[in-house]
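Notes follow once the structure below has been shown.
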Amino acid sequence: MNARFPLFALLMSATLLAACKPATPPAEAASTAETRIGDLLITSATSRETPLAGGTGPGFMTIANRGATDDRLLSATSPETTSVELHEMSMADGQMTMRALPEGLLIPAGGTVDLAPGGIHLMLIGVRDALVAGQTVPVELRFEKAGTVTVPLSVKARSPAP
């Protein structure tokens, strides 16, 4: 029985070391999902991690209108937030300004609109729980002509500060 003790101790040590190994971070959700509604194709729908619940987070995506008539993104909602607004960010005289787009966003016939950092984006307001890389956040988009569709935003890790 004493001869088996070193083998048992070695196996137990390896098991404990494996259990103490830091967890592998969740893989980032793929942002290659496509959502179609009517003549619209929505791709690259993402958000970023948020440090705390209750704050705000961005929503980005590309909306292509493959049709012959203009459409308009009128509003957005999410069960994970208290509200979602369509915003435009711009720089003027070294000052960043952000304004809501209450009239919505034109998606021109045959055109593509990018909701991206530093420009037009969704603002997720009152995030119920902190957004964590790897999760998805459902956002319902309401279009003037195409109707309503739910798009999953893939939450990405924040880039480290330079």
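Each chain in the structure tokens gets a letter, A, B, ..., in the order shown, and its residues are numbered from 1; ligands are numbered from 1 in order too.
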- Task: Tell me which protein, DNA and RNA residues are within 8 Å of Glu85 (chain A), counting only C-alpha atoms, leaving out same-chain ones fewer than 4 positions away, and put them as an MDAnalysis selection string.
- Result: chainID A and resid 75:76 100:101 122:125
- Task: May I have the residues within 8 Å of region 129-143 of chain A as an MDAnalysis selection string, using only C-alpha atoms and disregarding those fewer than 6 positions away in the same chain?
- Result: chainID A and resid 26:29 48:54 71:80 149:157
- Message: For the structure I just gave you, how does DSSP split region 21-154 of chain A - specifically, which residues are strand (DSSP E or B)? Reply as a PyMOL selection string.
- Response: chain A and resi 35-37+40-48+56-65+71-77+83-92+95-100+105-107+112-115+120-125+136-143+147-154
- Message: To test your reading of the structure, identify every residue in region 8-160 of chain A that backbone DSSP assigns to alpha helix (DSSP H), and report it as a list in words.
- Response: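 Across region 8-160 of chain A, those assigned alpha helix (DSSP H) are Phe8, Ala9, Leu10, Leu11, Met12, Ser13, Ala14, Thr15, Leu16, Leu17, Ala18, Ala19 and Cys20 of chain A.
When CA of Ala33 (chain A) is paired with CA of Ala45 (chain A), their separation reads 7.8 Å.
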- Item | Spatial neighbours of Gly67 (chain A), 12 Å, only C-alpha atoms, chain gap at least 4 places, as a PyMOL selection string | chain A and resi 37-41+63+71+107-112+145-146
Please write the residues from the selection above to a file, keeping all heavy atoms, as a CSV table (one decimal), in the first residue's frame.
```
chain,number,residue,atom,x,y,z
A,37,ILE,N,-34.5,41.0,-43.3
A,37,ILE,CA,-35.9,41.4,-43.2
A,37,ILE,C,-36.2,42.2,-44.4
A,37,ILE,O,-35.6,43.2,-44.7
A,37,ILE,CB,-36.3,42.1,-41.9
A,37,ILE,CG1,-37.8,42.4,-41.8
A,37,ILE,CG2,-35.4,43.3,-41.7
A,37,ILE,CD1,-38.3,42.9,-40.5
A,38,GLY,N,-37.2,41.7,-45.2
A,38,GLY,CA,-37.5,42.4,-46.4
A,38,GLY,C,-36.3,42.5,-47.3
A,38,GLY,O,-35.6,41.5,-47.5
A,39,ASP,N,-36.0,43.7,-47.8
A,39,ASP,CA,-34.9,44.0,-48.6
A,39,ASP,C,-33.6,44.3,-47.9
A,39,ASP,O,-32.6,44.6,-48.4
A,39,ASP,CB,-35.2,45.1,-49.6
A,39,ASP,CG,-36.2,44.8,-50.6
A,39,ASP,OD1,-36.3,43.6,-51.0
A,39,ASP,OD2,-37.0,45.7,-51.0
A,40,LEU,N,-33.7,44.3,-46.5
A,40,LEU,CA,-32.6,44.7,-45.7
A,40,LEU,C,-31.7,43.5,-45.2
A,40,LEU,O,-32.3,42.4,-44.9
A,40,LEU,CB,-33.1,45.4,-44.5
A,40,LEU,CG,-33.9,46.6,-44.7
A,40,LEU,CD1,-34.4,47.3,-43.4
A,40,LEU,CD2,-33.2,47.7,-45.6
A,41,LEU,N,-30.4,43.6,-45.2
A,41,LEU,CA,-29.5,42.7,-44.7
A,41,LEU,C,-28.7,43.3,-43.6
A,41,LEU,O,-28.0,44.3,-43.9
A,41,LEU,CB,-28.6,42.2,-45.9
A,41,LEU,CG,-27.4,41.2,-45.4
A,41,LEU,CD1,-28.0,39.9,-44.9
A,41,LEU,CD2,-26.5,41.0,-46.6
A,63,ILE,N,-26.1,47.9,-42.2
A,63,ILE,CA,-27.4,47.6,-42.8
A,63,ILE,C,-27.4,47.9,-44.2
A,63,ILE,O,-27.1,49.1,-44.6
A,63,ILE,CB,-28.5,48.5,-42.1
A,63,ILE,CG1,-28.5,48.3,-40.6
A,63,ILE,CG2,-29.9,48.2,-42.7
A,63,ILE,CD1,-29.4,49.3,-39.8
A,71,ASP,N,-35.7,52.9,-47.0
A,71,ASP,CA,-36.3,52.5,-45.8
A,71,ASP,C,-35.7,53.3,-44.7
A,71,ASP,O,-34.8,54.1,-44.9
A,71,ASP,CB,-36.1,51.0,-45.5
A,71,ASP,CG,-37.2,50.4,-44.6
A,71,ASP,OD1,-37.9,51.1,-43.9
A,71,ASP,OD2,-37.4,49.1,-44.7
A,107,ILE,N,-32.1,54.5,-44.7
A,107,ILE,CA,-31.3,53.4,-45.3
A,107,ILE,C,-31.7,53.5,-46.8
A,107,ILE,O,-32.7,53.0,-47.2
A,107,ILE,CB,-31.7,52.0,-44.7
A,107,ILE,CG1,-31.8,52.0,-43.2
A,107,ILE,CG2,-30.8,50.9,-45.3
A,107,ILE,CD1,-30.5,52.3,-42.5
A,108,PRO,N,-30.8,54.1,-47.6
A,108,PRO,CA,-31.1,54.4,-49.0
A,108,PRO,C,-31.2,53.1,-49.9
A,108,PRO,O,-30.5,52.2,-49.6
A,108,PRO,CB,-30.0,55.3,-49.5
A,108,PRO,CG,-28.9,55.0,-48.6
A,108,PRO,CD,-29.5,54.6,-47.3
A,109,ALA,N,-32.1,53.2,-50.8
A,109,ALA,CA,-32.3,52.1,-51.8
A,109,ALA,C,-30.9,51.8,-52.4
A,109,ALA,O,-30.2,52.7,-52.9
A,109,ALA,CB,-33.3,52.4,-52.8
A,110,GLY,N,-30.5,50.5,-52.4
A,110,GLY,CA,-29.3,50.1,-53.0
A,110,GLY,C,-28.0,50.5,-52.3
A,110,GLY,O,-26.9,50.3,-52.7
A,111,GLY,N,-28.2,51.1,-51.1
A,111,GLY,CA,-27.1,51.6,-50.3
A,111,GLY,C,-26.8,50.8,-49.0
A,111,GLY,O,-27.6,49.9,-48.7
A,112,THR,N,-25.8,51.2,-48.3
A,112,THR,CA,-25.4,50.6,-47.1
A,112,THR,C,-25.1,51.6,-46.1
A,112,THR,O,-24.4,52.6,-46.4
A,112,THR,CB,-24.1,49.7,-47.3
A,112,THR,OG1,-24.4,48.7,-48.3
A,112,THR,CG2,-23.6,49.0,-46.0
A,145,LYS,N,-40.5,50.4,-43.4
A,145,LYS,CA,-41.1,49.5,-44.5
A,145,LYS,C,-40.9,48.1,-44.2
A,145,LYS,O,-41.8,47.3,-44.4
A,145,LYS,CB,-40.6,49.9,-45.8
A,145,LYS,CG,-41.1,51.3,-46.2
A,145,LYS,CD,-40.6,51.7,-47.6
A,145,LYS,CE,-41.2,53.1,-47.9
A,145,LYS,NZ,-40.2,54.0,-48.5
A,146,ALA,N,-39.7,47.7,-43.8
A,146,ALA,CA,-39.4,46.3,-43.7
A,146,ALA,C,-40.1,45.6,-42.5
A,146,ALA,O,-40.3,44.4,-42.4
A,146,ALA,CB,-37.9,46.1,-43.6
```
- Neighbours of Met96 (chain A) within 10 Å (only C-alpha atoms; same-chain residues fewer than 6 positions away dropped), as a list in words?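 My reading of the contact set: Met89, Ser90 and Gly118 of chain A.
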Selection to disk with N, CA, C and O atoms, as a CSV table (one decimal), in the first residue's frame:
```
chain,number,residue,atom,x,y,z
A,89,MET,N,-22.4,60.6,-33.4
A,89,MET,CA,-21.3,61.3,-32.7
A,89,MET,C,-20.5,62.0,-33.8
A,89,MET,O,-20.4,61.5,-34.9
A,90,SER,N,-20.1,63.2,-33.4
A,90,SER,CA,-19.2,64.0,-34.4
A,90,SER,C,-18.2,64.8,-33.6
A,90,SER,O,-18.4,65.0,-32.4
A,118,GLY,N,-17.4,56.2,-33.5
A,118,GLY,CA,-17.1,57.5,-34.0
A,118,GLY,C,-18.1,58.1,-34.9
A,118,GLY,O,-17.9,59.2,-35.5
```
- Note on the structure: With distances taken over only C-alpha atoms, the candidate from A:His87, A:Arg128, A:Arg36, A:Arg99 nearest Arg66 (chain A) is A:Arg36
